[in-house]
$ cat entry33.cif   # mmCIF, C-alpha atoms
data_protein
loop_
_atom_site.label_atom_id
_atom_site.label_comp_id
_atom_site.auth_asym_id
_atom_site.auth_seq_id
_atom_site.Cartn_x
_atom_site.Cartn_y
_atom_site.Cartn_z
CA GLY A 478 -18.64 1.15 -49.92
CA TYR A 479 -18.08 1.28 -46.18
CA PHE A 480 -15.45 3.94 -46.50
CA SER A 481 -16.23 7.13 -48.35
CA GLU A 482 -13.94 8.55 -51.00
CA THR A 483 -12.51 11.06 -48.61
CA GLN A 484 -11.61 8.47 -45.99
CA VAL A 485 -7.99 8.37 -45.13
CA LYS A 486 -8.12 4.83 -43.83
CA PRO A 487 -6.58 2.36 -46.30
CA SER A 488 -8.26 -0.84 -47.35
CA PRO A 489 -7.22 -3.98 -45.53
CA LYS A 490 -5.37 -5.10 -48.63
CA GLU A 491 -3.48 -1.86 -48.75
CA THR A 492 -2.59 -2.18 -45.11
CA LYS A 493 -1.29 -5.66 -45.65
CA ARG A 494 0.79 -4.59 -48.61
CA GLN A 495 2.28 -1.78 -46.64
CA LEU A 496 2.98 -4.15 -43.83
CA CYS A 497 4.83 -6.52 -46.10
CA LEU A 498 6.86 -3.64 -47.43
CA SER A 499 7.81 -2.40 -44.05
CA LEU A 500 8.62 -5.96 -43.07
CA SER A 501 11.06 -6.42 -45.87
CA LEU A 502 12.63 -3.04 -45.23
CA SER A 503 13.03 -3.16 -41.50
CA ILE A 504 12.85 -6.62 -40.07
CA SER A 505 14.61 -5.69 -36.90
CA VAL A 506 12.10 -3.05 -35.79
CA SER A 507 11.85 -3.78 -32.10
CA SER A 508 8.10 -3.53 -31.97
CA LEU A 509 7.80 -6.32 -34.48
CA HIS A 510 10.30 -8.63 -32.87
CA SER A 511 7.75 -11.37 -32.45
CA LEU A 512 7.26 -11.82 -36.18
CA SER A 513 8.75 -14.49 -38.32
CA LEU A 514 9.65 -14.03 -41.96
CA TYR A 515 6.94 -15.99 -43.65
CA PRO A 516 4.47 -14.04 -45.80
CA MET A 517 1.34 -15.31 -44.11
CA ASP A 518 2.55 -13.75 -40.90
CA ALA A 519 1.70 -10.37 -42.32
CA HIS A 520 -1.74 -11.30 -41.18
CA VAL A 521 -0.41 -12.22 -37.77
CA ALA A 522 1.52 -8.97 -37.65
CA GLN A 523 -1.60 -7.01 -38.38
CA LEU A 524 -3.51 -8.82 -35.69
CA GLN A 525 -0.72 -8.28 -33.23
CA MET A 526 -0.64 -4.59 -33.99
CA GLN A 527 -4.39 -4.41 -33.65
CA TYR A 528 -4.10 -6.21 -30.32
CA ARG A 529 -1.38 -3.94 -29.06
CA ASN A 530 -3.30 -0.82 -30.01
CA TYR A 531 -6.43 -2.17 -28.46
CA ILE A 532 -4.79 -2.91 -25.15
CA LEU A 533 -3.12 0.50 -25.11
CA SER A 534 -6.45 2.17 -25.76
CA LEU A 535 -8.05 0.32 -22.88
CA TYR A 536 -5.42 1.73 -20.56
CA GLN A 537 -5.54 5.17 -22.09
CA GLN A 538 -9.29 5.36 -21.78
CA GLY A 539 -9.07 4.38 -18.16
CA PHE A 540 -10.71 1.00 -18.37
CA LEU A 541 -7.67 -0.75 -16.96
CA ASP A 542 -4.89 0.16 -14.57
CA ASP A 543 -1.58 -1.31 -13.50
CA GLN A 544 -3.17 -4.01 -11.41
CA PHE A 545 -4.37 -5.53 -14.68
CA THR A 546 -0.79 -5.43 -15.85
CA GLU A 547 0.17 -7.21 -12.66
CA LEU A 548 -2.41 -9.92 -13.31
CA LYS A 549 -1.14 -10.45 -16.82
CA SER A 550 2.36 -10.84 -15.50
CA LEU A 551 1.17 -13.70 -13.31
CA GLN A 552 0.08 -15.65 -16.33
CA ASP A 553 2.52 -17.95 -18.05
CA ASP A 554 2.58 -20.83 -20.48
CA GLY A 555 1.58 -23.18 -17.71
CA THR A 556 -1.45 -21.09 -16.76
CA PRO A 557 -2.59 -19.53 -20.04
CA ASP A 558 -6.13 -18.95 -18.82
CA PHE A 559 -5.33 -17.31 -15.54
CA VAL A 560 -6.40 -13.78 -16.46
CA ALA A 561 -9.53 -14.99 -18.19
CA GLU A 562 -10.44 -17.06 -15.16
CA VAL A 563 -9.98 -14.24 -12.71
CA LEU A 564 -11.93 -11.82 -14.87
CA SER A 565 -14.72 -14.31 -15.30
CA LEU A 566 -14.99 -14.60 -11.53
CA PHE A 567 -14.92 -10.84 -11.26
CA PHE A 568 -17.81 -10.42 -13.66
CA ASP A 569 -19.77 -13.10 -11.82
CA ASP A 570 -19.13 -11.06 -8.70
CA CYS A 571 -20.43 -7.96 -10.47
CA VAL A 572 -23.68 -9.67 -11.38
CA LYS A 573 -24.17 -10.88 -7.85
CA LEU A 574 -23.26 -7.64 -6.12
CA VAL A 575 -25.19 -5.39 -8.47
CA GLY A 576 -28.17 -7.65 -7.91
CA ASN A 577 -27.78 -7.33 -4.16
CA MET A 578 -27.53 -3.59 -4.39
CA ALA A 579 -30.54 -3.32 -6.67
CA ARG A 580 -32.57 -5.35 -4.23
CA ALA A 581 -31.37 -3.32 -1.28
CA LEU A 582 -32.29 -0.10 -3.08
CA ASP A 583 -35.61 -1.44 -4.16
CA GLN A 584 -37.09 -1.58 -0.71
CA THR A 585 -40.42 0.04 -0.20
CA GLY A 586 -39.82 1.80 3.04
CA THR A 587 -36.41 2.27 4.59
CA VAL A 588 -33.41 1.50 2.49
CA ASP A 589 -30.57 -0.20 4.33
CA PHE A 590 -27.69 1.91 3.07
CA SER A 591 -25.17 -0.02 5.12
CA GLN A 592 -26.23 -3.11 3.23
CA VAL A 593 -25.74 -1.31 -0.06
CA GLY A 594 -22.45 0.04 1.21
CA ALA A 595 -21.20 -3.41 2.17
CA ASN A 596 -21.79 -4.65 -1.36
CA VAL A 597 -20.15 -1.56 -2.82
CA HIS A 598 -17.16 -2.23 -0.63
CA GLN A 599 -16.89 -5.76 -1.95
CA LEU A 600 -17.19 -4.60 -5.53
CA LYS A 601 -14.61 -1.93 -4.96
CA GLY A 602 -12.27 -4.57 -3.61
CA SER A 603 -12.58 -7.02 -6.43
CA SER A 604 -12.51 -4.37 -9.14
CA SER A 605 -9.37 -3.05 -7.55
CA SER A 606 -7.85 -6.52 -7.53
CA VAL A 607 -8.36 -7.06 -11.26
CA GLY A 608 -7.49 -3.57 -12.40
CA ALA A 609 -11.00 -2.55 -13.46
CA LYS A 610 -10.22 1.12 -13.01
CA ARG A 611 -13.50 2.71 -14.02
CA VAL A 612 -15.61 0.31 -12.01
CA LYS A 613 -13.43 0.93 -9.00
CA GLY A 614 -13.72 4.68 -9.43
CA LEU A 615 -17.48 4.45 -9.55
CA CYS A 616 -17.46 2.38 -6.39
CA ILE A 617 -15.57 5.09 -4.57
CA ASN A 618 -18.29 7.60 -5.48
CA PHE A 619 -20.94 5.07 -4.69
CA LYS A 620 -19.55 4.52 -1.22
CA GLU A 621 -19.81 8.22 -0.45
CA LEU A 622 -23.36 8.29 -1.70
CA CYS A 623 -24.24 5.40 0.58
CA GLU A 624 -22.69 7.12 3.54
CA ALA A 625 -24.66 10.23 2.73
CA LYS A 626 -27.75 8.06 2.34
CA ASN A 627 -28.37 9.73 -0.97
CA TYR A 628 -31.04 7.51 -2.48
CA GLU A 629 -31.28 9.17 -5.89
CA GLY A 630 -27.54 9.31 -6.14
CA CYS A 631 -27.20 5.66 -5.25
CA VAL A 632 -29.74 4.55 -7.80
CA ARG A 633 -28.00 6.59 -10.49
CA CYS A 634 -24.61 5.32 -9.50
CA LEU A 635 -25.78 1.74 -9.52
CA GLN A 636 -26.99 2.19 -13.08
CA GLN A 637 -23.59 3.55 -14.03
CA VAL A 638 -21.84 0.63 -12.35
CA ASP A 639 -24.06 -1.76 -14.24
CA ILE A 640 -23.25 -0.14 -17.58
CA GLU A 641 -19.57 0.15 -16.75
CA TYR A 642 -18.88 -3.45 -15.84
CA LYS A 643 -20.82 -4.68 -18.84
CA THR A 644 -18.87 -2.35 -21.11
CA LEU A 645 -15.61 -3.60 -19.66
CA LYS A 646 -16.74 -7.16 -20.06
CA ALA A 647 -17.45 -6.59 -23.77
CA LYS A 648 -14.11 -4.86 -24.27
CA LEU A 649 -12.18 -7.63 -22.60
CA GLN A 650 -14.10 -10.20 -24.58
CA ASP A 651 -12.91 -8.45 -27.73
CA MET A 652 -9.39 -8.54 -26.35
CA PHE A 653 -9.56 -12.27 -25.70
CA ASN A 654 -11.02 -12.83 -29.16
CA LEU A 655 -8.06 -11.02 -30.69
CA GLU A 656 -5.70 -13.22 -28.68
CA LYS A 657 -7.49 -16.27 -29.99
CA GLN A 658 -7.26 -15.02 -33.57
CA ILE A 659 -3.55 -14.40 -33.22
CA VAL A 660 -2.95 -17.88 -31.87
CA GLN A 661 -5.11 -19.46 -34.52
CA ALA A 662 -3.21 -17.56 -37.19
CA GLY A 663 -0.06 -19.17 -35.84
CA GLY A 664 1.26 -16.17 -33.94
CA ILE A 665 2.18 -15.39 -30.37
CA VAL A 666 0.17 -12.97 -28.29
CA PRO A 667 2.55 -10.04 -27.77
CA GLN A 668 3.36 -8.66 -24.38
CA VAL A 669 2.26 -5.08 -24.42
CA ASP A 670 4.44 -2.60 -22.64
CA ILE A 671 2.14 0.16 -21.50
CA ASN A 672 4.85 2.43 -20.15
CA MET B 624 -18.26 -8.74 4.20
CA ALA B 625 -15.40 -6.59 3.12
CA SER B 626 -12.71 -7.31 0.68
CA ASP B 627 -9.86 -7.98 3.01
CA GLY B 628 -7.81 -11.08 3.21
CA GLY B 629 -5.04 -12.88 4.92
CA VAL B 630 -2.66 -15.69 4.49
CA SER B 631 -1.17 -18.07 6.93
CA CYS B 632 1.64 -20.46 6.40
CA LEU B 633 2.07 -23.61 8.36
CA ARG B 634 4.88 -26.01 8.20
CA ARG B 635 3.85 -29.42 7.11
CA SER B 636 4.97 -30.84 10.41
CA GLU B 637 2.58 -28.54 12.18
CA MET B 638 -0.19 -29.45 9.85
CA MET B 639 0.39 -33.04 10.78
CA SER B 640 0.25 -32.25 14.42
CA VAL B 641 -3.13 -30.62 14.23
CA GLY B 642 -4.52 -33.46 12.25
CA ILE B 643 -5.63 -31.75 9.12
CA GLY B 644 -8.22 -34.06 7.80
CA GLY B 645 -7.29 -36.37 5.03
CA ILE B 646 -3.57 -35.96 5.26
CA ASP B 647 -1.79 -39.23 5.74
CA SER B 648 1.74 -39.49 6.97
CA PRO B 649 4.07 -39.06 4.08
CA PRO B 650 7.71 -38.47 4.87
CA LEU B 651 7.81 -35.13 6.57
CA ASP B 652 9.42 -32.40 4.58
CA VAL B 653 10.11 -29.87 7.25
CA ASP B 654 10.94 -27.26 4.68
CA GLU B 655 7.59 -27.43 3.06
CA VAL B 656 5.50 -24.47 4.00
CA HIS B 657 1.80 -24.32 3.84
CA VAL B 658 0.00 -21.07 3.45
CA LEU B 659 -3.49 -20.53 4.74
CA ALA B 660 -5.16 -17.65 3.00
CA VAL B 661 -8.32 -16.19 4.38
CA ASP B 662 -10.40 -13.79 2.33
CA ASP B 663 -14.09 -13.47 1.73
CA SER B 664 -13.53 -12.36 -1.83
CA LEU B 665 -13.17 -15.22 -4.29
CA VAL B 666 -11.32 -13.03 -6.74
CA ASP B 667 -8.78 -12.10 -4.10
CA ARG B 668 -8.38 -15.71 -3.02
CA ILE B 669 -7.54 -16.75 -6.56
CA VAL B 670 -5.12 -13.90 -6.98
CA ILE B 671 -3.30 -14.41 -3.68
CA GLU B 672 -3.13 -18.11 -4.33
CA ARG B 673 -1.50 -17.48 -7.69
CA LEU B 674 0.89 -14.94 -6.23
CA LEU B 675 1.97 -17.39 -3.55
CA ARG B 676 2.38 -20.27 -5.93
CA ILE B 677 4.51 -18.17 -8.21
CA THR B 678 6.82 -17.22 -5.39
CA SER B 679 7.23 -20.88 -4.55
CA CYS B 680 8.41 -21.89 -7.99
CA LYS B 681 12.01 -22.91 -8.21
CA ASP B 682 12.29 -21.89 -11.80
CA ILE B 683 10.88 -18.48 -12.28
CA GLU B 684 10.66 -17.60 -15.90
CA LYS B 685 11.43 -14.30 -17.43
CA SER B 686 12.94 -11.88 -15.00
CA LYS B 687 11.05 -12.89 -11.94
CA LYS B 688 13.99 -14.54 -10.35
CA ILE B 689 13.62 -14.56 -6.63
CA LYS B 690 15.67 -16.11 -3.98
CA HIS B 691 14.16 -19.47 -3.33
CA ILE B 692 13.92 -20.70 0.21
CA SER B 693 16.34 -23.56 0.51
CA GLY B 694 14.67 -26.82 -0.28
CA GLY B 695 11.18 -25.72 0.49
CA SER B 696 8.01 -25.46 -1.45
CA VAL B 697 4.84 -23.60 -0.74
CA SER B 698 1.39 -25.05 -0.93
CA VAL B 699 -1.64 -22.86 -0.55
CA THR B 700 -5.08 -23.31 0.89
CA ALA B 701 -7.54 -20.49 0.50
CA VAL B 702 -10.66 -20.28 2.63
CA ASP B 703 -13.38 -17.72 2.74
CA SER B 704 -13.69 -16.96 6.42
CA GLY B 705 -12.06 -17.13 9.81
CA TRP B 706 -14.60 -19.78 10.69
CA ARG B 707 -13.35 -22.01 7.95
CA ALA B 708 -9.80 -21.24 8.85
CA LEU B 709 -10.46 -22.64 12.31
CA GLU B 710 -12.13 -25.60 10.75
CA PHE B 711 -9.19 -26.18 8.50
CA LEU B 712 -6.80 -25.95 11.39
CA GLY B 713 -8.90 -28.45 13.28
CA ILE B 714 -9.77 -26.05 16.05
CA ASP B 715 -13.18 -26.29 17.57
CA ASN B 716 -14.96 -23.02 17.12
CA GLU B 717 -16.33 -22.80 20.60
CA LYS B 718 -13.24 -23.98 22.34
CA ALA B 719 -11.00 -21.97 20.06
CA SER B 720 -10.43 -19.23 22.53
CA ALA B 721 -9.28 -21.58 25.24
CA GLU B 722 -7.26 -23.77 22.94
CA LEU B 723 -5.54 -20.97 21.19
CA ASP B 724 -4.77 -19.44 24.56
CA GLU B 725 -2.63 -22.37 25.54
CA SER B 726 -0.92 -22.98 22.27
CA SER B 727 2.50 -21.49 21.96
CA SER B 728 3.23 -22.87 18.54
CA PHE B 729 0.41 -20.86 17.15
CA ARG B 730 2.20 -17.95 18.70
CA GLN B 731 4.94 -18.81 16.32
CA VAL B 732 2.71 -18.40 13.35
CA PRO B 733 3.49 -15.11 11.71
CA VAL B 734 0.35 -13.29 10.79
CA VAL B 735 0.18 -10.94 7.89
CA ILE B 736 -2.81 -8.74 7.29
CA MET B 737 -4.16 -7.86 3.88
CA SER B 738 -6.58 -5.04 3.52
CA SER B 739 -7.84 -2.48 1.07
CA GLU B 740 -8.23 0.04 3.87
CA ASN B 741 -5.26 2.34 3.96
CA VAL B 742 -5.70 3.73 7.44
CA ILE B 743 -2.40 4.31 9.16
CA THR B 744 -3.73 4.06 12.68
CA ARG B 745 -5.29 0.70 12.01
CA ILE B 746 -2.24 -0.57 10.23
CA ASP B 747 -0.10 0.48 13.14
CA ARG B 748 -2.47 -1.18 15.54
CA CYS B 749 -2.27 -4.41 13.58
CA LEU B 750 1.48 -4.33 13.69
CA GLU B 751 1.49 -3.49 17.39
CA GLU B 752 -0.78 -6.39 18.09
CA GLY B 753 1.77 -8.66 16.54
CA ALA B 754 1.10 -8.79 12.83
CA GLU B 755 4.22 -9.56 10.91
CA ASP B 756 3.33 -7.32 8.06
CA PHE B 757 0.51 -5.47 6.42
CA LEU B 758 -0.23 -5.79 2.73
CA LEU B 759 -2.30 -3.14 1.09
CA LYS B 760 -4.63 -4.37 -1.59
CA PRO B 761 -4.47 -4.81 -4.45
CA VAL B 762 -1.62 -7.15 -3.64
CA LYS B 763 1.26 -7.35 -6.05
CA LEU B 764 3.95 -9.91 -6.60
CA ALA B 765 6.54 -7.66 -4.97
CA ASP B 766 4.44 -7.62 -1.77
CA VAL B 767 4.22 -11.38 -1.63
CA LYS B 768 7.90 -11.76 -2.30
CA ARG B 769 8.48 -9.76 0.83
CA LEU B 770 6.63 -12.41 2.79
CA ARG B 771 9.18 -14.97 1.77
CA ASN B 772 11.46 -13.42 4.32
CA TYR B 773 9.20 -14.60 7.09
CA LEU B 774 9.60 -18.11 5.90
CA ALA B 775 13.35 -17.98 5.98
CA ARG B 776 15.05 -20.24 8.41
CA ASP B 777 16.73 -17.63 10.50
CA VAL B 778 14.07 -15.03 10.50
CA LYS B 779 14.75 -12.31 12.98
CA HIS B 780 11.69 -10.99 14.63
CA SER B 781 11.67 -7.26 14.43
CA ASN B 782 8.73 -6.89 16.73
CA GLY B 783 9.75 -7.20 20.34
CA ASN B 784 6.51 -8.87 21.25
CA LYS B 785 7.20 -11.86 19.14
CA ARG B 786 8.89 -14.77 20.64
CA LYS B 787 11.39 -16.82 18.77
CA LEU B 788 12.01 -20.34 19.98
CA PRO B 789 15.57 -21.57 19.91
CA LYS B 790 15.83 -24.45 17.46
CA ASP B 791 16.64 -27.04 20.02
CA SER B 792 14.04 -26.16 22.58
CA PRO B 793 10.85 -28.11 22.86
CA PRO B 794 8.36 -26.45 20.61
CA LEU B 795 5.33 -26.60 22.78
CA THR B 796 5.53 -25.09 26.18
CA LEU B 797 2.81 -23.83 28.35
CA SER B 798 4.75 -21.11 30.04
CA PRO B 799 5.32 -18.00 28.05
CA ASP B 800 8.78 -16.61 27.56
CA SER B 801 9.85 -14.44 30.41
CA SER B 802 11.15 -11.88 27.99
CA ASP B 803 7.71 -11.18 26.74
CA SER B 804 5.73 -8.61 28.57
CA SER B 805 2.48 -8.73 26.71
CA PRO B 806 2.44 -11.43 24.11
CA PRO B 807 0.52 -10.62 20.94
CA ARG B 808 -3.04 -11.60 21.49
CA SER B 809 -6.07 -11.33 19.37
CA THR B 810 -9.03 -13.39 18.55
CA LEU B 811 -10.43 -14.85 15.51
CA SER B 812 -14.10 -14.41 15.14
CA PRO B 813 -16.01 -16.20 12.47
CA ASP B 814 -18.01 -14.61 9.72
CA SER B 815 -21.40 -13.50 10.78
CA SER B 816 -22.88 -15.18 7.77
CA ASP B 817 -21.81 -18.60 8.90
CA SER B 818 -24.22 -20.78 10.79
CA SER B 819 -23.32 -23.46 13.28
CA PRO B 820 -19.73 -24.09 14.21
CA PRO B 821 -17.92 -27.07 12.81
CA PRO B 822 -18.18 -30.35 14.69
CA SER B 823 -14.46 -31.04 14.72
CA THR B 824 -12.72 -31.14 18.04
CA LEU B 825 -9.15 -31.44 19.12
CA SER B 826 -8.04 -34.20 21.38
CA PRO B 827 -4.80 -33.28 23.04
CA ASP B 828 -1.91 -35.59 22.57
CA SER B 829 0.90 -35.31 25.03
CA SER B 830 3.54 -36.79 22.77
CA ASP B 831 4.40 -33.98 20.50
CA SER B 832 6.40 -34.61 17.43
CA SER B 833 9.37 -32.83 15.98
CA SER B 834 9.97 -29.24 16.80
CA PRO B 835 9.07 -26.87 14.03
CA PRO B 836 12.28 -25.35 12.79
CA LEU B 837 10.50 -22.22 11.84
CA SER B 838 7.42 -20.23 12.51
CA PRO B 839 4.80 -20.70 9.91
CA VAL B 840 3.31 -17.58 8.48
CA GLU B 841 -0.27 -16.64 8.84
CA ILE B 842 -1.75 -13.84 6.92
CA PHE B 843 -5.09 -12.75 8.06
CA SER B 844 -7.66 -10.52 6.65
CA SER B 845 -9.58 -8.20 8.81
CA PRO B 846 -12.60 -6.91 7.05
CA LEU B 847 -13.62 -3.56 8.44
CA LEU B 848 -11.51 -3.82 11.55
CA SER B 849 -13.19 -2.60 14.65
CA PRO B 850 -11.08 -1.08 17.41
CA LEU B 851 -9.32 -3.93 19.07
CA ASP B 852 -10.10 -4.65 22.64
CA ASP B 853 -7.59 -3.77 25.22
CA GLU B 854 -8.79 -6.83 27.04
CA VAL B 855 -6.20 -9.46 26.37
CA ASP B 856 -8.44 -12.42 26.74
CA ASP B 857 -10.77 -11.78 23.89
CA VAL B 858 -13.48 -14.30 23.64
CA LEU B 859 -14.38 -15.84 20.37
CA THR B 860 -17.62 -14.35 19.29
CA SER B 861 -20.02 -14.69 16.47
CA SER B 862 -21.71 -11.39 16.86
CA PRO B 863 -23.64 -10.07 13.91
CA GLU B 864 -21.16 -7.39 13.21
CA SER B 865 -18.23 -9.65 13.77
CA THR B 866 -15.05 -8.20 12.51
CA PRO B 867 -12.29 -10.73 12.85
CA SER B 868 -9.12 -9.34 14.22
CA LEU B 869 -5.76 -10.95 14.38
CA VAL B 870 -5.31 -14.59 15.02
CA ARG B 871 -4.08 -15.38 18.42
CA ARG B 872 -0.85 -17.28 18.44
CA GLN B 873 -1.48 -20.40 20.29
CA LYS B 874 0.01 -23.60 21.30
CA MET B 875 -0.76 -26.18 18.76
CA ARG B 876 -1.97 -29.43 20.04
CA SER B 877 -1.35 -32.75 18.42
CA PRO B 878 -4.58 -34.60 18.24
CA GLY B 879 -4.96 -37.99 16.73
CA LEU B 880 -5.82 -37.92 13.11
CA ASP B 881 -9.50 -38.36 12.40
#

$ encode --input "entry33.cif" --output "structure tokens"
Amino acid sequence: GYFSETQVKPSPKETKRQLCLSLSLSISVSSLHSLSLYPMDAHVAQLQMQYRNYILSLYQQGFLDDQFTELKSLQDDGTPDFVAEVLSLFFDDCVKLVGNMARALDQTGTVDFSQVGANVHQLKGSSSSVGAKRVKGLCINFKELCEAKNYEGCVRCLQQVDIEYKTLKAKLQDMFNLEKQIVQAGGIVPQVDIN
Amino acid sequence: MASDGGVSCLRRSEMMSVGIGGIDSPPLDVDEVHVLAVDDSLVDRIVIERLLRITSCKDIEKSKKIKHISGGSVSVTAVDSGWRALEFLGIDNEKASAELDESSSFRQVPVVIMSSENVITRIDRCLEEGAEDFLLKPVKLADVKRLRNYLARDVKHSNGNKRKLPKDSPPLTLSPDSSDSSPPRSTLSPDSSDSSPPPSTLSPDSSDSSSPPLSPVEIFSSPLLSPLDDEVDDVLTSSPESTPSLVRRQKMRSPGLD
């Protein structure tokens, strides 16, 4: 099987059973306030917990910061796709700017570091605006490398930026998929309090 | 260019008077405020637009209850450069300097700067030059809520350079207030990436309409601000390293609608 004998992790069935038990024992647990009482919502509850943990881990691992929280707070029932839309634009920006920087660094002859720097500045700005903490942090380093006209450093940093935004994109895609699953299972996407 | 932005708010009556293209003459709602946001970052434009729209909602859900400006609503236009801002305002790019020089209702437009650069000296300079406020990016809802104060009917100008027209005085005068020593002046220079200036021109109309009850708010972004000229009469430039500074408050003309 996938899990070895010594694995502590319970099977999904086991988890569900435990969930149902804890449901019946403590319905008013504040962290589960968004659940209803119907049995099939044990599945929803599990998804919601998964979602909550996932979001928390993204913050804990430094992928997101409080500006992302701010963005989420701007979304409401009337604009359910706001965060997704902004992030989509951000990732489009990443593609464009990384491309610009790669081209600027790929010059045979003199590299225009101010050109690279200008793109870094833009990326730093938009990553800051969406709460993409790691990308923003890399941009800060990148900016210094541009100012120092450190070619090797810039090339390395650009590679890191490329990896980082793509990683974030995949993580957020997983997050959105979880949201979709919750909604499809008849549940509400919980608001995660990261404090 | 850089990731800085700005927003400007114009009263609908003022929008009418500069002949914003395509706007017919619906009944004027003098409490309706229009915000002109300028930022070269699309992400930031979307975000600031959303922030502004939220603050204009009468029914704020959850706990985001804010004091709503009596009767008014806020509509937002976001553009990507100072060049387009001029275009939107119906100001000819090449004549902008002269036109803005003579417009006193533009002087009434509060300007707020948004920037990711947290440099105290530059922030101070912006405020000295007449900016109403300075928002540090990333902008949050609390920051934008603060701007609502500038849209309030009886806003008191804290900056001595700003002039506040009494409600019953004619809105457009050519002579500056005597109380002002050096009125806030700055120029708007277009993005270097833009090509030819827009063809639109303003034809002055001597019969001005209703007096704006309130200064509109203009928030402007200054990507990579260069040291501002001491020279008061800055000329509109499109130099390669153009770094737009603050918008000059100008008299707004009332051209015929296109």

$ resolve_selection --input "entry33.cif" --expression "the PyMOL selection byres ((chain A and resi 529) around 12)" --output "ChimeraX atom specification"
/A:508-509,522-528,530-536,652,655-656,659,666-671

$ write_last_selection --input "entry33.cif" --atoms "C-alpha atoms" --output "mmCIF file, in the frame of the given file"
data_model
loop_
_atom_site.group_PDB
_atom_site.id
_atom_site.type_symbol
_atom_site.label_atom_id
_atom_site.label_comp_id
_atom_site.auth_asym_id
_atom_site.auth_seq_id
_atom_site.Cartn_x
_atom_site.Cartn_y
_atom_site.Cartn_z
ATOM 1 C CA SER A 508 8.100 -3.530 -31.970
ATOM 2 C CA LEU A 509 7.800 -6.320 -34.480
ATOM 3 C CA ALA A 522 1.520 -8.970 -37.650
ATOM 4 C CA GLN A 523 -1.600 -7.010 -38.380
ATOM 5 C CA LEU A 524 -3.510 -8.820 -35.690
ATOM 6 C CA GLN A 525 -0.720 -8.280 -33.230
ATOM 7 C CA MET A 526 -0.640 -4.590 -33.990
ATOM 8 C CA GLN A 527 -4.390 -4.410 -33.650
ATOM 9 C CA TYR A 528 -4.100 -6.210 -30.320
ATOM 10 C CA ASN A 530 -3.300 -0.820 -30.010
ATOM 11 C CA TYR A 531 -6.430 -2.170 -28.460
ATOM 12 C CA ILE A 532 -4.790 -2.910 -25.150
ATOM 13 C CA LEU A 533 -3.120 0.500 -25.110
ATOM 14 C CA SER A 534 -6.450 2.170 -25.760
ATOM 15 C CA LEU A 535 -8.050 0.320 -22.880
ATOM 16 C CA TYR A 536 -5.420 1.730 -20.560
ATOM 17 C CA MET A 652 -9.390 -8.540 -26.350
ATOM 18 C CA LEU A 655 -8.060 -11.020 -30.690
ATOM 19 C CA GLU A 656 -5.700 -13.220 -28.680
ATOM 20 C CA ILE A 659 -3.550 -14.400 -33.220
ATOM 21 C CA VAL A 666 0.170 -12.970 -28.290
ATOM 22 C CA PRO A 667 2.550 -10.040 -27.770
ATOM 23 C CA GLN A 668 3.360 -8.660 -24.380
ATOM 24 C CA VAL A 669 2.260 -5.080 -24.420
ATOM 25 C CA ASP A 670 4.440 -2.600 -22.640
ATOM 26 C CA ILE A 671 2.140 0.160 -21.500
#

$ interface_residues --input "entry33.cif" --of "chain A" --to "chain B" --cutoff "8 Å" --atoms "all atoms listed in the file" --output "list in words"
Gln544, Glu547, Leu548, Leu551, Val563, Leu566, Phe567, Ala595, Asn596, His598, Gln599, Gly602, Ser603, Ser605 and Ser606 of chain A

$ atom_distance --input "entry33.cif" --atom1 "CA of Val661 in chain B" --atom2 "CA of Phe590 in chain A"
26.5 Å

$ atom_distance --input "entry33.cif" --atom1 "CA of Val575 in chain A" --atom2 "CA of Arg745 in chain B"
29.2 Å

$ atom_distance --input "entry33.cif" --atom1 "CA of Asn577 in chain A" --atom2 "CA of Val593 in chain A"
7.6 Å

$ residues_around --input "entry33.cif" --residues "Asp558 in chain A" --least-positions-apart "3" --cutoff "12 Å" --atoms "all atoms listed in the file" --output "short mmCIF file (atom, residue, chain, number, x, y, z; two decimals) with C-alpha atoms, in the frame of the given file"
data_model
loop_
_atom_site.label_atom_id
_atom_site.label_comp_id
_atom_site.auth_asym_id
_atom_site.auth_seq_id
_atom_site.Cartn_x
_atom_site.Cartn_y
_atom_site.Cartn_z
CA LEU A 548 -2.41 -9.92 -13.31
CA LYS A 549 -1.14 -10.45 -16.82
CA LEU A 551 1.17 -13.70 -13.31
CA GLN A 552 0.08 -15.65 -16.33
CA ASP A 553 2.52 -17.95 -18.05
CA ASP A 554 2.58 -20.83 -20.48
CA GLY A 555 1.58 -23.18 -17.71
CA ALA A 561 -9.53 -14.99 -18.19
CA GLU A 562 -10.44 -17.06 -15.16
CA VAL A 563 -9.98 -14.24 -12.71
CA LEU A 564 -11.93 -11.82 -14.87
CA SER A 565 -14.72 -14.31 -15.30
CA PHE A 653 -9.56 -12.27 -25.70
CA GLU A 656 -5.70 -13.22 -28.68
CA LYS A 657 -7.49 -16.27 -29.99
#

$ residues_around --input "entry33.cif" --residues "range 581-586 of chain A" --least-positions-apart "6" --cutoff "9 Å" --atoms "only C-alpha atoms" --output "list in words"
Gln592, Val593, Tyr628, Cys631 and Val632 of chain A

$ resolve_selection --input "entry33.cif" --expression "the PyMOL selection byres ((chain A and resi 662) around 9)" --output "CSV table (one decimal) with C-alpha atoms, in the frame of the given file"
chain,number,residue,atom,x,y,z
A,517,MET,CA,1.3,-15.3,-44.1
A,518,ASP,CA,2.6,-13.8,-40.9
A,520,HIS,CA,-1.7,-11.3,-41.2
A,521,VAL,CA,-0.4,-12.2,-37.8
A,524,LEU,CA,-3.5,-8.8,-35.7
A,657,LYS,CA,-7.5,-16.3,-30.0
A,658,GLN,CA,-7.3,-15.0,-33.6
A,659,ILE,CA,-3.6,-14.4,-33.2
A,660,VAL,CA,-3.0,-17.9,-31.9
A,661,GLN,CA,-5.1,-19.5,-34.5
A,663,GLY,CA,-0.1,-19.2,-35.8
A,664,GLY,CA,1.3,-16.2,-33.9
A,665,ILE,CA,2.2,-15.4,-30.4
